[in-house]
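K.L.:
mmCIF, N, CA and C atoms, saved as work_31.cif, coming up:
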```
data_protein
#
loop_
_atom_site.label_atom_id
_atom_site.label_comp_id
_atom_site.auth_asym_id
_atom_site.auth_seq_id
_atom_site.Cartn_x
_atom_site.Cartn_y
_atom_site.Cartn_z
N MET A 1 37.29 88.28 99.28
CA MET A 1 36.89 87.51 98.11
C MET A 1 36.85 86.02 98.45
N PHE A 2 36.04 85.34 97.71
CA PHE A 2 35.90 83.90 97.86
C PHE A 2 37.21 83.16 97.60
N THR A 3 37.28 81.94 98.10
CA THR A 3 38.29 80.98 97.69
C THR A 3 37.64 80.13 96.61
N TYR A 4 38.23 80.08 95.44
CA TYR A 4 37.64 79.34 94.32
C TYR A 4 38.12 77.90 94.31
N ILE A 5 37.17 76.95 94.15
CA ILE A 5 37.48 75.53 94.07
C ILE A 5 36.62 74.89 92.99
N SER A 6 37.00 73.69 92.62
CA SER A 6 36.23 72.98 91.60
C SER A 6 34.89 72.50 92.15
N ILE A 7 33.98 72.24 91.24
CA ILE A 7 32.67 71.71 91.63
C ILE A 7 32.85 70.41 92.40
N GLU A 8 33.73 69.54 91.94
CA GLU A 8 33.93 68.25 92.58
C GLU A 8 34.47 68.40 93.99
N GLU A 9 35.45 69.30 94.18
CA GLU A 9 36.00 69.54 95.53
C GLU A 9 34.92 70.08 96.46
N PHE A 10 34.13 71.02 95.96
CA PHE A 10 33.06 71.58 96.78
C PHE A 10 32.04 70.51 97.15
N ALA A 11 31.65 69.71 96.17
CA ALA A 11 30.67 68.64 96.42
C ALA A 11 31.21 67.65 97.45
N ASP A 12 32.48 67.31 97.36
CA ASP A 12 33.07 66.39 98.34
C ASP A 12 32.96 66.94 99.75
N GLY A 13 33.20 68.24 99.92
CA GLY A 13 33.08 68.86 101.24
C GLY A 13 31.66 68.86 101.76
N VAL A 14 30.71 69.15 100.88
CA VAL A 14 29.30 69.15 101.28
C VAL A 14 28.88 67.75 101.70
N VAL A 15 29.23 66.75 100.90
CA VAL A 15 28.84 65.37 101.19
C VAL A 15 29.51 64.88 102.48
N LYS A 16 30.75 65.27 102.69
CA LYS A 16 31.46 64.87 103.91
C LYS A 16 30.73 65.36 105.16
N ASN A 17 30.18 66.56 105.09
CA ASN A 17 29.50 67.16 106.24
C ASN A 17 27.99 66.90 106.25
N ASN A 18 27.46 66.35 105.19
CA ASN A 18 26.02 66.08 105.07
C ASN A 18 25.86 64.71 104.41
N LYS A 19 25.98 63.67 105.20
CA LYS A 19 26.04 62.29 104.70
C LYS A 19 24.84 61.89 103.85
N ASP A 20 23.70 62.52 104.05
CA ASP A 20 22.50 62.15 103.30
C ASP A 20 22.40 62.84 101.93
N THR A 21 23.39 63.67 101.59
CA THR A 21 23.40 64.38 100.31
C THR A 21 23.84 63.45 99.19
N ASN A 22 23.10 63.45 98.09
CA ASN A 22 23.45 62.66 96.92
C ASN A 22 24.46 63.45 96.09
N ARG A 23 25.70 62.97 96.03
CA ARG A 23 26.78 63.69 95.37
C ARG A 23 26.49 63.94 93.89
N LYS A 24 25.97 62.96 93.21
CA LYS A 24 25.69 63.09 91.78
C LYS A 24 24.64 64.18 91.52
N GLU A 25 23.58 64.18 92.32
CA GLU A 25 22.54 65.21 92.17
C GLU A 25 23.08 66.59 92.53
N LEU A 26 23.91 66.65 93.56
CA LEU A 26 24.50 67.92 93.97
C LEU A 26 25.38 68.49 92.86
N ILE A 27 26.22 67.66 92.26
CA ILE A 27 27.09 68.13 91.18
C ILE A 27 26.27 68.65 90.01
N ALA A 28 25.19 67.97 89.68
CA ALA A 28 24.31 68.44 88.60
C ALA A 28 23.72 69.81 88.94
N SER A 29 23.29 69.98 90.19
CA SER A 29 22.72 71.25 90.62
C SER A 29 23.77 72.36 90.63
N LEU A 30 24.98 72.03 91.06
CA LEU A 30 26.07 73.01 91.06
C LEU A 30 26.43 73.44 89.64
N ARG A 31 26.47 72.49 88.72
CA ARG A 31 26.77 72.83 87.32
C ARG A 31 25.70 73.75 86.74
N LYS A 32 24.45 73.47 87.07
CA LYS A 32 23.34 74.29 86.59
C LYS A 32 23.45 75.72 87.14
N ALA A 33 23.74 75.83 88.43
CA ALA A 33 23.87 77.15 89.06
C ALA A 33 25.06 77.91 88.49
N LEU A 34 26.18 77.23 88.27
CA LEU A 34 27.36 77.89 87.71
C LEU A 34 27.08 78.37 86.29
N ALA A 35 26.40 77.57 85.51
CA ALA A 35 26.04 77.99 84.15
C ALA A 35 25.13 79.21 84.19
N ALA A 36 24.19 79.22 85.13
CA ALA A 36 23.29 80.37 85.27
C ALA A 36 24.08 81.62 85.64
N LYS A 37 25.03 81.48 86.57
CA LYS A 37 25.85 82.63 86.96
C LYS A 37 26.63 83.15 85.76
N ARG A 38 27.23 82.25 85.01
CA ARG A 38 28.01 82.66 83.84
C ARG A 38 27.13 83.32 82.78
N ASN A 39 25.85 83.00 82.78
CA ASN A 39 24.90 83.60 81.84
C ASN A 39 24.23 84.85 82.41
N GLY A 40 24.73 85.33 83.56
CA GLY A 40 24.25 86.59 84.11
C GLY A 40 23.13 86.51 85.11
N ALA A 41 22.87 85.33 85.69
CA ALA A 41 21.79 85.21 86.68
C ALA A 41 22.04 86.16 87.85
N ARG A 42 20.95 86.74 88.32
CA ARG A 42 21.00 87.71 89.41
C ARG A 42 20.18 87.24 90.60
N CYS A 43 20.58 87.68 91.77
CA CYS A 43 19.88 87.38 93.01
C CYS A 43 18.44 87.85 92.90
N MET A 44 17.52 86.97 93.24
CA MET A 44 16.10 87.31 93.12
C MET A 44 15.64 88.30 94.20
N ILE A 45 16.49 88.58 95.18
CA ILE A 45 16.14 89.55 96.23
C ILE A 45 16.75 90.92 95.95
N CYS A 46 18.09 90.96 95.70
CA CYS A 46 18.76 92.26 95.60
C CYS A 46 19.31 92.58 94.21
N GLY A 47 19.39 91.60 93.33
CA GLY A 47 19.88 91.85 91.98
C GLY A 47 21.37 91.69 91.78
N ALA A 48 22.11 91.33 92.83
CA ALA A 48 23.55 91.08 92.70
C ALA A 48 23.77 89.75 91.98
N PRO A 49 24.98 89.52 91.46
CA PRO A 49 25.26 88.21 90.85
C PRO A 49 25.05 87.09 91.87
N ILE A 50 24.56 85.96 91.40
CA ILE A 50 24.30 84.86 92.33
C ILE A 50 25.59 84.25 92.86
N TRP A 51 25.49 83.60 93.99
CA TRP A 51 26.56 82.79 94.57
C TRP A 51 26.29 81.38 94.09
N ALA A 52 27.06 80.92 93.11
CA ALA A 52 26.78 79.64 92.47
C ALA A 52 26.86 78.47 93.44
N ALA A 53 27.84 78.48 94.33
CA ALA A 53 27.97 77.37 95.29
C ALA A 53 26.73 77.27 96.17
N GLY A 54 26.33 78.38 96.74
CA GLY A 54 25.14 78.38 97.61
C GLY A 54 23.87 78.10 96.84
N SER A 55 23.77 78.66 95.65
CA SER A 55 22.58 78.45 94.82
C SER A 55 22.46 76.99 94.40
N GLY A 56 23.59 76.34 94.15
CA GLY A 56 23.57 74.94 93.78
C GLY A 56 23.11 74.04 94.92
N VAL A 57 23.46 74.42 96.14
CA VAL A 57 23.06 73.65 97.32
C VAL A 57 21.59 73.89 97.65
N THR A 58 21.17 75.15 97.62
CA THR A 58 19.80 75.48 98.05
C THR A 58 18.77 75.35 96.94
N GLY A 59 19.22 75.47 95.69
CA GLY A 59 18.28 75.44 94.58
C GLY A 59 17.58 76.77 94.35
N THR A 60 18.04 77.81 95.04
CA THR A 60 17.46 79.15 94.92
C THR A 60 18.55 80.12 94.51
N TYR A 61 18.31 80.90 93.47
CA TYR A 61 19.33 81.81 92.96
C TYR A 61 19.39 83.09 93.80
N LEU A 62 20.34 83.07 94.75
CA LEU A 62 20.57 84.21 95.63
C LEU A 62 22.06 84.53 95.66
N CYS A 63 22.40 85.76 96.02
CA CYS A 63 23.79 86.13 96.21
C CYS A 63 24.27 85.61 97.57
N PHE A 64 25.55 85.76 97.84
CA PHE A 64 26.12 85.29 99.10
C PHE A 64 25.43 85.96 100.29
N THR A 65 25.32 87.28 100.25
CA THR A 65 24.76 88.02 101.38
C THR A 65 23.30 87.65 101.64
N CYS A 66 22.50 87.53 100.61
CA CYS A 66 21.09 87.17 100.81
C CYS A 66 20.93 85.72 101.24
N THR A 67 21.89 84.86 100.91
CA THR A 67 21.84 83.46 101.34
C THR A 67 22.25 83.32 102.79
N THR A 68 23.33 84.00 103.18
CA THR A 68 23.92 83.78 104.51
C THR A 68 23.61 84.87 105.52
N GLY A 69 23.23 86.05 105.05
CA GLY A 69 23.05 87.18 105.95
C GLY A 69 24.37 87.85 106.32
N GLU A 70 25.45 87.42 105.70
CA GLU A 70 26.78 87.96 105.98
C GLU A 70 27.30 88.74 104.77
N ALA A 71 28.12 89.74 105.02
CA ALA A 71 28.71 90.52 103.93
C ALA A 71 30.12 90.05 103.59
N ASP A 72 30.82 89.44 104.56
CA ASP A 72 32.21 89.02 104.37
C ASP A 72 32.26 87.59 103.84
N ASP A 73 32.68 87.46 102.58
CA ASP A 73 32.76 86.13 101.96
C ASP A 73 34.18 85.58 101.93
N SER A 74 35.09 86.19 102.68
CA SER A 74 36.51 85.83 102.59
C SER A 74 36.83 84.43 103.12
N GLU A 75 35.95 83.85 103.91
CA GLU A 75 36.21 82.52 104.45
C GLU A 75 35.31 81.47 103.80
N ASP A 76 34.72 81.80 102.68
CA ASP A 76 33.79 80.89 102.01
C ASP A 76 34.27 80.55 100.60
N TYR A 77 33.64 79.53 100.04
CA TYR A 77 34.02 79.02 98.72
C TYR A 77 33.06 79.46 97.63
N GLU A 78 33.59 79.55 96.44
CA GLU A 78 32.80 79.69 95.23
C GLU A 78 33.34 78.68 94.23
N ILE A 79 32.44 78.11 93.44
CA ILE A 79 32.85 77.11 92.46
C ILE A 79 33.28 77.78 91.17
N GLU A 80 34.16 77.08 90.46
CA GLU A 80 34.62 77.60 89.17
C GLU A 80 34.64 76.49 88.14
#
```
Let me see the structure of the file written as structure tokens.
P.N.:
Amino acid sequence: MFTYISIEEFADGVVKNNKDTNRKELIASLRKALAAKRNGARCMICGAPIWAAGSGVTGTYLCFTCTTGEADDSEDYEIE
């Protein structure tokens, strides 16, 4: 299972590793993706619940596996 963190903590990590990322825009995108997940958004490829953290970064509503190609999410984050 994911490690759950706040939107702000996740955004700080993304910005730290991607200096050209606009933190304010990223937080807005993450909030939108999290709201979509809470409203039942599904992966446009397989139909699983979306991965809000990844969807907020990429702007595409996909699940963890369809985003990363990996099945094990135990070392990754999800926003709450």
K.L.:
What is the atom N of Ala71 (chain A)-CA of Ala33 (chain A) distance in Å, reported with one decimal?
P.N.:
20.8 Å
K.L.:
Need to verify the contact set: region 63-66 of chain A, 8 Å, all atoms listed in the file, exclusion of same-chain residues closer than 5 positions in sequence. Can you return it as a PyMOL selection string?
P.N.:
chain A and resi 42-52+54-55+71-73
K.L.:
Pick out the closest residue to Ile7 (chain A) from this set: A:Asn39, A:Thr68, A:Ser74, A:Ser29. Count only C-alpha atoms.
P.N.:
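Of A:Asn39, A:Thr68, A:Ser74, A:Ser29, the one nearest Ile7 (chain A) is A:Ser29, counting only C-alpha atoms.
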K.L.:
Determine the nearest neighbour of Glu8 (chain A) from the options A:Glu80, A:Ala35, A:Thr58, A:Thr67, counting only N, CA and C atoms.
P.N.:
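Residue with the minimum atom-to-atom distance to Glu8 (chain A): A:Glu80.
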K.L.:
Could you check how far CA of Lys37 (chain A) sits from CA of Thr60 (chain A), in Å to one decimal?
P.N.:
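Distance between the two atoms: 12.1 Å.
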K.L.:
Can you tell me how far CA of Arg23 (chain A) sits from atom C of Glu70 (chain A), in Å to one decimal?
P.N.:
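Interatomic distance, CA of Arg23 (chain A) to atom C of Glu70 (chain A): 26.8 Å.
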K.L.:
Contacts of Arg31 (chain A) at 6.5 Å or less, counting only N, CA and C atoms, minus same-chain residues fewer than 5 places along, as number ranges by chain?
P.N.:
A: 26, 36, 56
K.L.:
Can you list what the PyMOL selection byres (((chain A and resi 1 and name CA) around 10) and name CA) grabs from this structure, as a list in words?
P.N.:
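Selected by the PyMOL selection byres (((chain A and resi 1 and name CA) around 10) and name CA) here: Phe2, Thr3, Tyr4, Asp72, Asp73, Ser74, Glu75, Asp76, Tyr77 and Glu78 of chain A.
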K.L.:
Keeping only N, CA and C atoms, take the residues you just selected and write them out as a compact mmCIF listing (two decimals), in the frame of the given file.
P.N.:
```txt
# COMPACT_ATOMS: atom_id res chain seq x y z
N PHE A 2 36.04 85.34 97.71
CA PHE A 2 35.90 83.90 97.86
C PHE A 2 37.21 83.16 97.60
N THR A 3 37.28 81.94 98.10
CA THR A 3 38.29 80.98 97.69
C THR A 3 37.64 80.13 96.61
N TYR A 4 38.23 80.08 95.44
CA TYR A 4 37.64 79.34 94.32
C TYR A 4 38.12 77.90 94.31
N ASP A 72 30.82 89.44 104.56
CA ASP A 72 32.21 89.02 104.37
C ASP A 72 32.26 87.59 103.84
N ASP A 73 32.68 87.46 102.58
CA ASP A 73 32.76 86.13 101.96
C ASP A 73 34.18 85.58 101.93
N SER A 74 35.09 86.19 102.68
CA SER A 74 36.51 85.83 102.59
C SER A 74 36.83 84.43 103.12
N GLU A 75 35.95 83.85 103.91
CA GLU A 75 36.21 82.52 104.45
C GLU A 75 35.31 81.47 103.80
N ASP A 76 34.72 81.80 102.68
CA ASP A 76 33.79 80.89 102.01
C ASP A 76 34.27 80.55 100.60
N TYR A 77 33.64 79.53 100.04
CA TYR A 77 34.02 79.02 98.72
C TYR A 77 33.06 79.46 97.63
N GLU A 78 33.59 79.55 96.44
CA GLU A 78 32.80 79.69 95.23
C GLU A 78 33.34 78.68 94.23
```
K.L.:
Enumerate as a list of chain:residue names all residues of chain A assigned to strand (DSSP E or B) by DSSP on the backbone, naming them with the chain letters and numbers the document uses.
P.N.:
A:Thr3, A:Tyr4, A:Ile5, A:Arg42, A:Pro49, A:Tyr77, A:Glu78, A:Ile79
K.L.:
Rank A:Ile79, A:Lys32, A:Arg38, A:Lys19 by their smallest atom-to-atom distance to Ile5 (chain A), using only C-alpha atoms, and report the top residue only.
P.N.:
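So, comparing all the options, the nearest one is A:Ile79.
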K.L.:
Only C-alpha atoms, as a JSON list (two decimals), in the first residue's frame: that is what I want for region 9-60 of chain A.
P.N.:
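Writing the result to result08.json gives the following:
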```
[["chain", "number", "residue", "atom", "x", "y", "z"],
["A", 9, "GLU", "CA", 4.46, 17.57, 1.37],
["A", 10, "PHE", "CA", 4.14, 15.78, -1.96],
["A", 11, "ALA", "CA", 4.43, 19.05, -3.90],
["A", 12, "ASP", "CA", 7.55, 20.00, -1.94],
["A", 13, "GLY", "CA", 9.19, 16.70, -2.93],
["A", 14, "VAL", "CA", 8.28, 17.11, -6.59],
["A", 15, "VAL", "CA", 9.57, 20.69, -6.69],
["A", 16, "LYS", "CA", 12.77, 19.71, -4.88],
["A", 17, "ASN", "CA", 13.53, 17.15, -7.59],
["A", 18, "ASN", "CA", 12.13, 19.18, -10.51],
["A", 19, "LYS", "CA", 13.28, 22.78, -10.07],
["A", 20, "ASP", "CA", 11.30, 24.05, -13.07],
["A", 21, "THR", "CA", 7.96, 22.90, -11.58],
["A", 22, "ASN", "CA", 5.60, 25.67, -10.46],
["A", 23, "ARG", "CA", 4.55, 24.66, -6.93],
["A", 24, "LYS", "CA", 1.33, 26.68, -6.94],
["A", 25, "GLU", "CA", 0.16, 25.17, -10.25],
["A", 26, "LEU", "CA", 1.15, 21.68, -9.09],
["A", 27, "ILE", "CA", -0.85, 22.01, -5.86],
["A", 28, "ALA", "CA", -3.90, 23.14, -7.84],
["A", 29, "SER", "CA", -3.52, 20.13, -10.16],
["A", 30, "LEU", "CA", -3.08, 17.75, -7.22],
["A", 31, "ARG", "CA", -6.20, 19.11, -5.51],
["A", 32, "LYS", "CA", -8.18, 18.65, -8.72],
["A", 33, "ALA", "CA", -6.96, 15.06, -9.13],
["A", 34, "LEU", "CA", -7.68, 14.22, -5.48],
["A", 35, "ALA", "CA", -11.20, 15.63, -5.78],
["A", 36, "ALA", "CA", -11.73, 13.55, -8.92],
["A", 37, "LYS", "CA", -10.52, 10.42, -7.12],
["A", 38, "ARG", "CA", -12.85, 11.10, -4.20],
["A", 39, "ASN", "CA", -15.69, 11.50, -6.71],
["A", 40, "GLY", "CA", -14.97, 8.08, -8.20],
["A", 41, "ALA", "CA", -12.67, 8.88, -11.15],
["A", 42, "ARG", "CA", -11.37, 5.76, -12.86],
["A", 43, "CYS", "CA", -8.28, 5.00, -14.89],
["A", 44, "MET", "CA", -8.98, 5.71, -18.54],
["A", 45, "ILE", "CA", -7.06, 2.55, -19.53],
["A", 46, "CYS", "CA", -8.10, -0.19, -17.08],
["A", 47, "GLY", "CA", -10.93, 1.27, -14.98],
["A", 48, "ALA", "CA", -9.17, 1.04, -11.60],
["A", 49, "PRO", "CA", -9.34, 4.02, -9.22],
["A", 50, "ILE", "CA", -6.93, 6.75, -10.26],
["A", 51, "TRP", "CA", -3.62, 7.45, -8.53],
["A", 52, "ALA", "CA", -4.23, 11.05, -7.48],
["A", 53, "ALA", "CA", -0.56, 11.91, -6.92],
["A", 54, "GLY", "CA", 0.50, 10.69, -10.35],
["A", 55, "SER", "CA", -2.59, 12.07, -12.04],
["A", 56, "GLY", "CA", -1.94, 15.48, -10.52],
["A", 57, "VAL", "CA", 1.61, 15.51, -11.87],
["A", 58, "THR", "CA", 0.84, 14.16, -15.34],
["A", 59, "GLY", "CA", -2.59, 15.69, -15.85],
["A", 60, "THR", "CA", -3.91, 12.32, -17.04]]
```
